[in-house]
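A.B. asks: See structure.txt below, with compact mmCIF, C-alpha atoms.
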```txt
# COMPACT_ATOMS: atom_id res chain seq x y z
CA MET A 1 -19.82 19.48 -1.84
CA ASN A 2 -23.27 18.60 -3.13
CA ILE A 3 -23.16 15.72 -5.61
CA HIS A 4 -26.04 14.52 -7.79
CA ILE A 5 -25.66 11.03 -9.28
CA ARG A 6 -28.37 11.03 -11.92
CA ASP A 7 -30.48 8.11 -13.14
CA ILE A 8 -28.15 5.29 -12.14
CA LEU A 9 -28.73 1.59 -11.51
CA ALA A 10 -28.17 1.42 -7.75
CA ALA A 11 -27.74 -1.52 -5.38
CA LEU A 12 -30.15 -0.43 -2.65
CA PRO A 13 -31.01 -2.42 0.51
CA GLY A 14 -34.27 -3.62 -1.07
CA GLY A 15 -32.80 -4.52 -4.44
CA THR A 16 -31.45 -2.85 -7.56
CA GLU A 17 -33.30 -0.02 -9.26
CA ILE A 18 -32.65 3.06 -11.35
CA CYS A 19 -32.76 6.17 -9.20
CA SER A 20 -30.99 9.44 -8.47
CA VAL A 21 -28.77 9.81 -5.43
CA TYR A 22 -28.17 13.15 -3.75
CA ILE A 23 -25.15 13.71 -1.52
CA SER A 24 -24.81 16.71 0.77
CA ASP A 25 -22.06 17.40 3.34
CA GLY A 26 -20.70 13.88 2.92
CA VAL A 27 -24.04 12.18 3.62
CA ILE A 28 -26.60 10.54 1.34
CA ALA A 29 -29.48 13.02 1.56
CA SER A 30 -31.94 11.24 -0.74
CA VAL A 31 -32.25 8.35 -3.19
CA THR A 32 -35.42 9.62 -4.86
CA SER A 33 -36.08 13.32 -5.34
CA ALA A 34 -33.81 16.28 -4.64
CA PRO A 35 -33.96 17.61 -1.08
CA GLY A 36 -35.40 21.09 -0.66
CA GLY A 37 -32.93 23.78 -1.70
CA PHE A 38 -30.42 21.24 -3.07
CA VAL A 39 -28.08 22.71 -5.67
CA ALA A 40 -25.54 20.31 -7.15
CA ASP A 41 -21.90 21.34 -7.27
CA LYS A 42 -21.24 18.28 -9.39
CA THR A 43 -23.49 15.99 -11.42
CA ILE A 44 -22.51 12.47 -12.42
CA SER A 45 -24.49 10.80 -15.21
CA GLY A 46 -25.58 7.27 -14.41
CA THR A 47 -26.09 6.14 -18.02
CA GLY A 48 -24.43 2.78 -18.46
CA LYS A 49 -23.25 2.82 -14.84
CA MET A 50 -24.04 1.08 -11.55
CA LEU A 51 -23.77 2.52 -8.05
CA ILE A 52 -22.77 0.28 -5.15
CA PRO A 53 -21.76 0.91 -1.55
CA GLY A 54 -17.98 0.69 -1.41
CA PHE A 55 -16.52 -2.62 -0.32
CA ASN A 56 -15.30 -2.77 3.28
CA ASN A 57 -12.12 -4.85 3.48
CA ALA A 58 -12.33 -6.31 6.99
CA HIS A 59 -8.79 -7.64 7.28
CA THR A 60 -5.60 -6.61 5.56
CA HIS A 61 -2.00 -5.57 6.17
CA ALA A 62 -1.76 -2.57 3.88
CA ALA A 63 1.98 -1.80 3.86
CA MET A 64 2.72 -5.40 2.95
CA THR A 65 2.24 -4.26 -0.64
CA ILE A 66 6.02 -3.79 -0.33
CA PHE A 67 6.36 -7.59 -0.07
CA ARG A 68 4.11 -8.44 -3.01
CA ASN A 69 5.41 -11.28 -5.20
CA CYS A 70 8.49 -11.96 -3.09
CA ALA A 71 7.36 -14.79 -0.78
CA ASP A 72 5.32 -17.18 -2.86
CA ASP A 73 4.80 -20.95 -3.02
CA LEU A 74 6.02 -21.50 0.52
CA LEU A 75 4.63 -23.44 3.46
CA PHE A 76 2.89 -21.16 5.94
CA ASN A 77 5.58 -21.23 8.66
CA ASP A 78 8.35 -20.82 6.08
CA TRP A 79 6.47 -17.92 4.53
CA LEU A 80 5.88 -16.13 7.86
CA PHE A 81 8.93 -16.91 9.98
CA GLY A 82 11.47 -17.59 7.25
CA ARG A 83 10.65 -14.82 4.80
CA ILE A 84 8.18 -12.15 5.97
CA PHE A 85 9.32 -11.51 9.55
CA PRO A 86 13.00 -11.07 8.49
CA LEU A 87 11.97 -8.62 5.76
CA GLU A 88 9.84 -6.63 8.18
CA GLU A 89 12.90 -6.12 10.37
CA LYS A 90 14.46 -4.13 7.52
CA LEU A 91 11.64 -1.56 7.28
CA THR A 92 12.43 1.93 8.54
CA GLU A 93 10.38 5.00 9.32
CA GLY A 94 8.64 6.30 6.23
CA ASP A 95 8.42 2.94 4.46
CA GLU A 96 4.94 2.23 5.73
CA TYR A 97 3.68 5.58 4.46
CA TRP A 98 4.47 4.63 0.86
CA GLY A 99 3.34 1.01 1.29
CA MET A 100 0.03 2.31 2.64
CA GLN A 101 -0.40 4.75 -0.25
CA LEU A 102 0.20 1.93 -2.75
CA ALA A 103 -2.42 -0.17 -0.95
CA VAL A 104 -4.92 2.69 -1.00
CA MET A 105 -4.37 3.12 -4.74
CA GLU A 106 -5.09 -0.54 -5.37
CA MET A 107 -8.12 -0.64 -3.12
CA LEU A 108 -9.68 2.50 -4.60
CA ARG A 109 -9.11 1.23 -8.13
CA SER A 110 -11.01 -1.96 -7.27
CA GLY A 111 -13.90 -0.41 -5.36
CA THR A 112 -12.89 -0.51 -1.69
CA THR A 113 -13.73 2.57 0.37
CA ALA A 114 -12.79 1.41 3.89
CA PHE A 115 -10.62 -1.24 5.48
CA ILE A 116 -9.47 -2.70 8.79
CA ASP A 117 -5.71 -2.92 8.96
CA MET A 118 -3.29 -4.77 11.19
CA TYR A 119 0.29 -3.76 10.79
CA GLY A 120 3.01 -1.43 11.67
CA ILE A 121 5.89 -0.04 13.52
CA ALA A 122 4.54 2.42 16.09
CA THR A 123 4.91 5.56 13.98
CA ASP A 124 2.46 7.99 12.43
CA ASP A 125 3.13 6.79 8.87
CA TYR A 126 -0.22 5.06 8.55
CA PRO A 127 -2.54 7.81 9.79
CA ARG A 128 -0.55 10.39 7.80
CA ALA A 129 -1.08 8.37 4.63
CA LEU A 130 -4.81 8.15 5.32
CA GLU A 131 -5.06 11.85 6.06
CA ASP A 132 -3.26 12.64 2.80
CA THR A 133 -5.32 10.27 0.64
CA GLY A 134 -8.76 10.64 2.28
CA MET A 135 -9.27 6.87 2.54
CA ARG A 136 -11.28 5.45 5.45
CA ALA A 137 -9.63 2.88 7.71
CA VAL A 138 -9.59 1.32 11.14
CA LEU A 139 -5.95 0.96 12.16
CA SER A 140 -4.51 -1.63 14.51
CA ARG A 141 -0.85 -2.24 15.29
CA GLY A 142 -0.07 -5.93 15.28
CA ILE A 143 1.66 -6.39 18.66
CA ALA A 144 3.20 -9.50 20.15
CA GLY A 145 5.20 -10.74 23.11
CA ASP A 146 4.71 -11.91 26.66
CA ALA A 147 3.02 -10.26 29.63
CA ASP A 148 6.23 -8.46 30.62
CA VAL A 149 6.20 -6.24 27.52
CA ALA A 150 2.44 -5.91 27.12
CA GLN A 151 1.94 -2.65 28.99
CA ALA A 152 4.63 -0.74 27.09
CA LYS A 153 3.36 -1.92 23.70
CA LEU A 154 -0.28 -1.29 24.54
CA ARG A 155 0.57 2.20 25.78
CA ARG A 156 2.08 3.12 22.41
CA VAL A 157 -1.11 1.98 20.69
CA THR A 158 -3.41 4.06 22.88
CA GLU A 159 -1.11 7.07 22.63
CA GLU A 160 -1.31 6.95 18.85
CA ALA A 161 -5.10 6.62 18.99
CA ASP A 162 -5.24 9.71 21.23
CA ARG A 163 -3.01 11.71 18.87
CA TRP A 164 -5.24 11.05 15.89
CA LYS A 165 -8.70 11.03 17.48
CA GLY A 166 -11.34 13.23 15.94
CA ARG A 167 -10.55 12.38 12.32
CA GLY A 168 -13.70 11.15 10.64
CA ASN A 169 -11.90 8.70 8.39
CA ILE A 170 -9.46 7.20 10.94
CA SER A 171 -10.15 5.06 14.01
CA PHE A 172 -8.18 2.46 15.95
CA MET A 173 -8.27 -1.06 17.38
CA ILE A 174 -6.01 -3.04 19.72
CA ALA A 175 -4.41 -5.96 17.91
CA PRO A 176 -2.72 -8.80 19.78
CA HIS A 177 -1.28 -10.45 16.69
CA ALA A 178 -2.10 -14.14 17.24
CA PRO A 179 -2.15 -16.75 20.01
CA TYR A 180 1.17 -18.21 18.83
CA THR A 181 2.91 -14.79 19.11
CA CYS A 182 1.07 -13.49 22.22
CA ASP A 183 1.13 -15.56 25.37
CA GLU A 184 -1.86 -15.90 27.67
CA GLY A 185 -0.71 -13.08 29.94
CA PHE A 186 -0.26 -10.73 26.99
CA GLN A 187 -3.75 -11.54 25.75
CA ARG A 188 -5.22 -10.82 29.19
CA GLU A 189 -3.43 -7.46 29.32
CA ALA A 190 -4.70 -6.61 25.83
CA ALA A 191 -8.26 -7.51 26.77
CA ALA A 192 -8.07 -5.38 29.90
CA GLU A 193 -6.69 -2.40 27.96
CA ALA A 194 -9.39 -2.75 25.31
CA LYS A 195 -12.04 -2.62 28.02
CA ARG A 196 -10.40 0.36 29.73
CA SER A 197 -9.84 2.39 26.58
CA GLY A 198 -13.01 1.40 24.75
CA LEU A 199 -11.01 0.29 21.72
CA PRO A 200 -12.18 -2.80 19.78
CA VAL A 201 -9.96 -5.86 19.32
CA HIS A 202 -8.55 -7.26 16.08
CA THR A 203 -6.67 -10.56 16.08
CA HIS A 204 -5.76 -13.62 14.00
CA LEU A 205 -7.39 -16.84 15.19
CA SER A 206 -7.30 -20.45 14.00
CA GLU A 207 -5.63 -19.73 10.68
CA SER A 208 -3.45 -22.82 10.21
CA LEU A 209 -3.23 -26.41 11.42
CA ALA A 210 0.21 -25.60 12.85
CA GLU A 211 -1.42 -22.94 15.02
CA ILE A 212 -4.05 -25.40 16.23
CA ASP A 213 -1.36 -27.91 17.21
CA THR A 214 0.81 -25.28 18.92
CA ILE A 215 -2.01 -23.88 21.05
CA LYS A 216 -3.31 -27.34 21.90
CA GLU A 217 0.16 -28.32 23.12
CA ARG A 218 0.74 -25.12 25.10
CA TYR A 219 -2.69 -24.55 26.61
CA GLY A 220 -4.75 -27.69 26.06
CA CYS A 221 -7.47 -25.89 24.11
CA THR A 222 -8.27 -24.31 20.75
CA PRO A 223 -7.11 -20.77 19.89
CA ILE A 224 -10.68 -19.52 20.16
CA GLU A 225 -11.18 -21.17 23.55
CA LEU A 226 -7.94 -19.52 24.72
CA ALA A 227 -9.01 -16.10 23.42
CA ASP A 228 -12.34 -16.51 25.18
CA ARG A 229 -10.84 -17.33 28.58
CA THR A 230 -8.45 -14.36 28.31
CA GLY A 231 -11.35 -11.99 27.64
CA LEU A 232 -10.42 -11.03 24.07
CA LEU A 233 -13.74 -12.09 22.56
CA THR A 234 -16.50 -9.47 22.77
CA SER A 235 -19.08 -7.94 20.47
CA THR A 236 -16.44 -5.48 19.22
CA THR A 237 -13.84 -8.12 18.36
CA VAL A 238 -12.86 -8.96 14.78
CA ALA A 239 -11.32 -12.42 14.45
CA ALA A 240 -9.49 -12.92 11.17
CA HIS A 241 -9.48 -16.28 9.37
CA CYS A 242 -11.17 -18.80 11.75
CA VAL A 243 -10.45 -21.59 9.28
CA HIS A 244 -9.94 -24.60 11.56
CA ILE A 245 -12.72 -24.26 14.12
CA THR A 246 -14.89 -26.66 16.08
CA ASP A 247 -18.61 -26.53 16.74
CA ASN A 248 -17.78 -25.31 20.24
CA ASP A 249 -15.63 -22.54 18.74
CA ILE A 250 -18.56 -21.46 16.59
CA SER A 251 -20.82 -21.46 19.63
CA ILE A 252 -18.36 -19.24 21.52
CA LEU A 253 -18.06 -16.79 18.62
CA ALA A 254 -21.85 -16.57 18.35
CA GLN A 255 -22.36 -16.10 22.09
CA ARG A 256 -19.75 -13.33 22.30
CA GLY A 257 -21.01 -11.54 19.18
CA VAL A 258 -17.60 -11.70 17.47
CA SER A 259 -17.28 -10.70 13.82
CA VAL A 260 -15.31 -13.13 11.64
CA ALA A 261 -13.26 -11.74 8.75
CA THR A 262 -12.85 -14.52 6.21
CA ASN A 263 -9.94 -14.30 3.75
CA PRO A 264 -10.53 -17.02 1.16
CA VAL A 265 -7.77 -16.24 -1.36
CA SER A 266 -4.97 -15.93 1.20
CA ASN A 267 -6.17 -19.05 2.99
CA LEU A 268 -6.13 -21.00 -0.27
CA LYS A 269 -2.74 -19.71 -1.41
CA LEU A 270 -1.08 -20.59 1.92
CA ALA A 271 -2.83 -23.99 1.86
CA ASN A 272 -4.64 -23.29 5.12
CA GLY A 273 -8.07 -24.25 3.85
CA ALA A 274 -11.36 -22.34 3.91
CA ALA A 275 -13.38 -21.00 6.83
CA PRO A 276 -16.78 -22.70 7.29
CA VAL A 277 -18.70 -19.59 6.22
CA PRO A 278 -22.09 -21.32 5.71
CA LYS A 279 -21.95 -22.68 9.28
CA LEU A 280 -20.93 -19.27 10.63
CA LEU A 281 -23.85 -17.60 8.86
CA GLU A 282 -26.23 -20.31 10.09
CA ALA A 283 -25.06 -19.59 13.66
CA GLY A 284 -25.94 -15.92 13.24
CA ILE A 285 -22.33 -14.72 13.29
CA ASN A 286 -21.51 -11.51 11.43
CA VAL A 287 -19.17 -12.53 8.61
CA ALA A 288 -17.06 -9.93 6.84
CA LEU A 289 -14.66 -10.26 3.93
CA GLY A 290 -10.95 -9.44 3.87
CA THR A 291 -8.10 -9.75 1.42
CA ASP A 292 -5.32 -10.26 3.98
CA GLY A 293 -2.05 -8.64 2.90
CA ALA A 294 -0.47 -8.47 -0.54
CA ALA A 295 2.37 -10.70 0.68
CA SER A 296 0.03 -13.67 1.03
CA ASN A 297 -2.81 -12.84 -1.36
CA ASN A 298 -0.79 -10.74 -3.83
CA SER A 299 -3.95 -8.72 -4.48
CA LEU A 300 -6.12 -6.30 -2.51
CA ASN A 301 -8.93 -6.59 -5.06
CA MET A 302 -12.19 -7.19 -3.21
CA PHE A 303 -14.00 -8.15 -6.42
CA ARG A 304 -11.64 -11.10 -6.74
CA GLU A 305 -12.19 -11.96 -3.07
CA PHE A 306 -15.96 -11.63 -3.43
CA SER A 307 -15.97 -13.97 -6.42
CA VAL A 308 -13.84 -16.63 -4.71
CA LEU A 309 -16.02 -16.36 -1.58
CA THR A 310 -19.14 -17.16 -3.56
CA LEU A 311 -17.49 -20.00 -5.50
CA ILE A 312 -15.32 -21.91 -3.03
CA HIS A 313 -18.13 -22.77 -0.61
CA LYS A 314 -20.33 -24.10 -3.38
CA GLY A 315 -17.54 -26.46 -4.38
CA ILE A 316 -16.40 -27.71 -0.99
CA ASN A 317 -19.97 -28.14 0.28
CA HIS A 318 -21.27 -29.64 -3.00
CA ASN A 319 -24.10 -27.14 -2.75
CA ALA A 320 -24.79 -24.58 -5.48
CA LEU A 321 -26.87 -22.57 -3.00
CA ALA A 322 -24.03 -22.03 -0.53
CA VAL A 323 -23.03 -18.34 -0.11
CA SER A 324 -25.12 -16.83 -2.88
CA ALA A 325 -24.13 -13.70 -4.78
CA ARG A 326 -26.44 -11.64 -2.58
CA GLU A 327 -25.05 -13.15 0.63
CA GLY A 328 -21.53 -12.50 -0.61
CA PHE A 329 -22.37 -8.89 -1.48
CA MET A 330 -23.76 -8.31 2.00
CA ILE A 331 -20.65 -9.88 3.56
CA ALA A 332 -18.39 -7.62 1.49
CA THR A 333 -20.31 -4.43 2.28
CA LYS A 334 -22.63 -4.42 5.29
CA GLY A 335 -20.77 -7.26 7.04
CA GLY A 336 -17.52 -5.34 6.83
CA ALA A 337 -19.20 -2.18 8.08
CA ALA A 338 -20.57 -4.07 11.10
CA ALA A 339 -17.08 -5.45 11.83
CA MET A 340 -15.87 -1.84 11.87
CA GLY A 341 -18.61 -0.95 14.34
CA ARG A 342 -20.34 1.19 11.72
CA SER A 343 -24.04 1.24 10.90
CA ASP A 344 -23.67 4.37 8.75
CA ILE A 345 -21.74 2.83 5.84
CA GLY A 346 -22.19 -0.31 3.76
CA GLU A 347 -25.63 0.53 2.33
CA ILE A 348 -27.03 3.17 -0.02
CA LYS A 349 -29.75 4.82 2.02
CA PRO A 350 -30.56 8.31 3.30
CA GLY A 351 -28.57 9.29 6.36
CA ASN A 352 -25.63 7.02 5.60
CA ILE A 353 -22.18 8.40 4.90
CA ALA A 354 -21.50 8.58 1.16
CA ASP A 355 -18.89 5.86 0.67
CA LEU A 356 -19.88 4.94 -2.87
CA VAL A 357 -18.49 3.45 -6.07
CA VAL A 358 -19.65 4.14 -9.61
CA LEU A 359 -19.05 1.14 -11.89
CA ASP A 360 -18.78 1.19 -15.67
CA LEU A 361 -21.11 -1.50 -17.02
CA ASP A 362 -20.26 -0.81 -20.66
CA ARG A 363 -17.76 -3.66 -20.79
CA PRO A 364 -18.01 -6.99 -22.59
CA ASN A 365 -17.59 -9.00 -19.39
CA MET A 366 -20.56 -7.19 -17.77
CA GLN A 367 -23.02 -7.39 -20.66
CA PRO A 368 -25.84 -8.19 -20.70
CA VAL A 369 -26.58 -7.16 -17.11
CA ASN A 370 -29.48 -9.53 -16.57
CA ASP A 371 -28.92 -9.86 -12.82
CA PRO A 372 -26.75 -6.98 -11.53
CA VAL A 373 -25.77 -8.57 -8.21
CA ALA A 374 -24.88 -11.89 -9.85
CA ALA A 375 -22.81 -9.90 -12.34
CA LEU A 376 -20.85 -8.35 -9.46
CA ALA A 377 -20.03 -11.78 -8.06
CA TYR A 378 -19.42 -13.83 -11.17
CA SER A 379 -18.59 -11.43 -14.02
CA ALA A 380 -16.83 -8.36 -12.57
CA ASN A 381 -13.05 -8.46 -12.20
CA GLY A 382 -12.29 -5.20 -10.38
CA SER A 383 -11.56 -3.08 -13.44
CA GLU A 384 -15.11 -1.65 -13.45
CA PRO A 385 -14.84 1.08 -10.74
CA GLU A 386 -14.75 4.45 -12.48
CA THR A 387 -15.43 6.94 -9.69
CA VAL A 388 -14.95 6.39 -5.96
CA ILE A 389 -16.40 8.63 -3.25
CA VAL A 390 -15.38 8.42 0.42
CA GLY A 391 -17.25 10.55 2.93
CA GLY A 392 -18.75 12.58 0.09
CA ARG A 393 -15.31 13.42 -1.30
CA ILE A 394 -14.34 12.18 -4.77
CA LEU A 395 -10.99 10.37 -4.45
CA MET A 396 -10.95 8.79 -7.90
CA GLU A 397 -12.68 10.11 -11.02
CA ASN A 398 -12.57 8.45 -14.42
CA ARG A 399 -9.99 6.09 -12.83
CA GLU A 400 -7.66 9.00 -12.07
CA PHE A 401 -6.59 9.62 -8.46
CA LEU A 402 -7.33 13.10 -7.16
CA THR A 403 -5.38 12.86 -3.88
CA ILE A 404 -2.45 10.58 -4.77
CA ASP A 405 0.61 11.04 -6.97
CA GLU A 406 0.58 7.57 -8.53
CA LYS A 407 4.00 7.75 -10.19
CA ARG A 408 5.66 9.05 -7.02
CA VAL A 409 4.20 6.22 -4.94
CA VAL A 410 5.41 3.51 -7.33
CA HIS A 411 8.86 5.12 -7.46
CA GLU A 412 9.18 5.32 -3.65
CA VAL A 413 8.05 1.71 -3.15
CA SER A 414 10.54 0.53 -5.78
CA LYS A 415 13.34 2.25 -3.87
CA ILE A 416 12.28 0.52 -0.64
CA CYS A 417 12.27 -2.87 -2.36
CA GLU A 418 15.79 -2.31 -3.68
CA ARG A 419 17.02 -1.36 -0.22
CA ILE A 420 15.53 -4.29 1.70
CA GLY A 421 16.33 -6.86 -0.99
CA THR A 422 12.95 -8.18 -2.14
CA ARG A 423 14.14 -8.37 -5.76
```
Represent the structure contained in this file as structure tokens.
C.D. replies:
Amino acid sequence: MNIHIRDILAALPGGTEICSVYISDGVIASVTSAPGGFVADKTISGTGKMLIPGFNNAHTHAAMTIFRNCADDLLFNDWLFGRIFPLEEKLTEGDEYWGMQLAVMEMLRSGTTAFIDMYGIATDDYPRALEDTGMRAVLSRGIAGDADVAQAKLRRVTEEADRWKGRGNISFMIAPHAPYTCDEGFQREAAAEAKRSGLPVHTHLSESLAEIDTIKERYGCTPIELADRTGLLTSTTVAAHCVHITDNDISILAQRGVSVATNPVSNLKLANGAAPVPKLLEAGINVALGTDGAASNNSLNMFREFSVLTLIHKGINHNALAVSAREGFMIATKGGAAAMGRSDIGEIKPGNIADLVVLDLDRPNMQPVNDPVAALAYSANGSEPETVIVGGRILMENREFLTIDEKRVVHEVSKICERIGTR
């Protein structure tokens, strides 16, 4: 489909300006004049609107929408081991499909066009949900255990990646869950398989003080030092959280070219603290933004995450210049794309894939739009996305889903919650 977005305020790499954007065969063909022979199948008026690259959620657990609002105000270990893990044992085949669809609905409604996920029983529920909705995602199965079970679990991951290869909107990572659930041997096996298969790595690192103490006691080092000696840290690794890290940890992450996915809201809610994002940026580390799952954040709204990101570091560093609105916007868009290994999304420019969001600016909270990027960080609340395009395909128009039966999804998730006892 050829789409013409006419005379819209667009967040371009060089700044914001009013222009027309032309999309052909899923790609941004031009941001100035119509390409030769271009005939629009659909025209979107940009009056009173703003066009941004879709947010790239660099760390979440999509199907945990099922556990939203059922494990709150708990200490981290009580939340994870006492509440979440037991509930996950009750999930059956098919549950993740509906949990994923609910997550996709929420992310599209709040301007996310792609995400990196870590979750799942080894079934095809997740890729089926993505194929049905058209959403873009990098999938990784959170796997855990010791070296004795590593090969079997890793084989299931690579088999699933092989079954679904060739889909433009679906790719895969290997995800050893965390250093406190994967022993050193398991991590080494995962690193070796990642190298053999060419799949990137996605893992939790240095999220809580309890994790720091556990790994120090077991291995005499930090979680990041352990991941480095097992070979998990490379230029295609995404390390989620990285809250409690040393200067040496930062040096290791920078040297290995690791992307860090910071999750400020989840980290605050679970009382884990805040990642030292200004220091990570200063070290030249690619920082991306994630929501974590709806069981710990309760929201998959990247506008909320973006706002907290640009506020929390000003407060804790007593520096109003820390993580500016523009830095935060880059982290939420281009930073996330880089974590996904993509240079063809995250910016509005010719040749990039058309993962785009049209925002409605005609709202009291967005007026007057004196500084559009500052408005995104400090005024927007996630209700502004009106139309969402992924790979040149319109998935939401006038806030109505075109590929998802919203009522059916809510009904199916409600049935799951009744069965597993979250209410």
A.B. asks: With all atoms listed in the file counted and 6 Å as the cut-off, give the residues of stretch 360-399 of chain A in contact with stretch 299-319 of chain A, each with its shortest interatomic distance in Å and the pair that gives it, as a Markdown table.
C.D. replies:
```
| residue | atom | partner | partner_atom | distance |
| --- | --- | --- | --- | --- |
| A:Ala377 | CA | A:Ser307 | CA | 4.9 |
| A:Tyr378 | CA | A:Ser307 | CA | 5.9 |
| A:Asn381 | CA | A:Phe303 | CA | 5.9 |
| A:Gly382 | CA | A:Phe303 | CA | 5.2 |
```
A.B. asks: Tell me, as an MDAnalysis selection string, which residues lie within 10 Å of A:Leu209, counting all atoms listed in the file; anything in the same chain fewer than 5 positions away does not count.
C.D. replies: chainID A and resid 76 214 243:244 271:273
A.B. asks: Go through A:Asn298, A:Ser45, A:Thr237, A:Thr181 one by one, measure the shortest atom-to-atom distance of each to A:Ala103 using only C-alpha atoms, and give the residue with the smallest value.
C.D. replies: A:Asn298
A.B. asks: If we count only C-alpha atoms, what is near A:Leu280 at a cut-off of 12 Å, once residues fewer than 6 positions away on the same chain are taken out, given as a list in words?
C.D. replies: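 Answer for this query is His241, Cys242, Val243, Ile245, Thr246, Asp247, Asn248, Asp249, Ile250, Ser251, Ile252, Leu253, Ala254, Gln255, Gly257, Val258, Ser259, Val260, Ala261, Thr262, Asn286, Val287, Ala288, Ala322, Val323 and Ile331 of chain A.
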A.B. asks: Within 12 Å of A:Gln367, counting only C-alpha atoms, which residues show up once you throw out same-chain ones fewer than 6 positions away? Write them as a VMD selection string, please.
C.D. replies: chain A and resid 48 to 49 360 to 361 374 to 376 379 to 380
A.B. asks: Closest to A:Ile389 among A:Ser171, A:Ser208, A:Gln151, A:Thr403, using all atoms listed in the file?
C.D. replies: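 Using all atoms listed in the file, the shortest distance to A:Ile389 belongs to A:Thr403.
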A.B. asks: Could you give me the centre and size, in Å to one decimal, of an axis-aligned box around all listed atoms of stretch 182-196 of chain A with 8 Å added on every side, as AutoDock Vina command-line options?
C.D. replies:
```
--center_x -5.5 --center_y -7.8 --center_z 26.1 --size_x 29.2 --size_y 32.3 --size_z 23.7
```
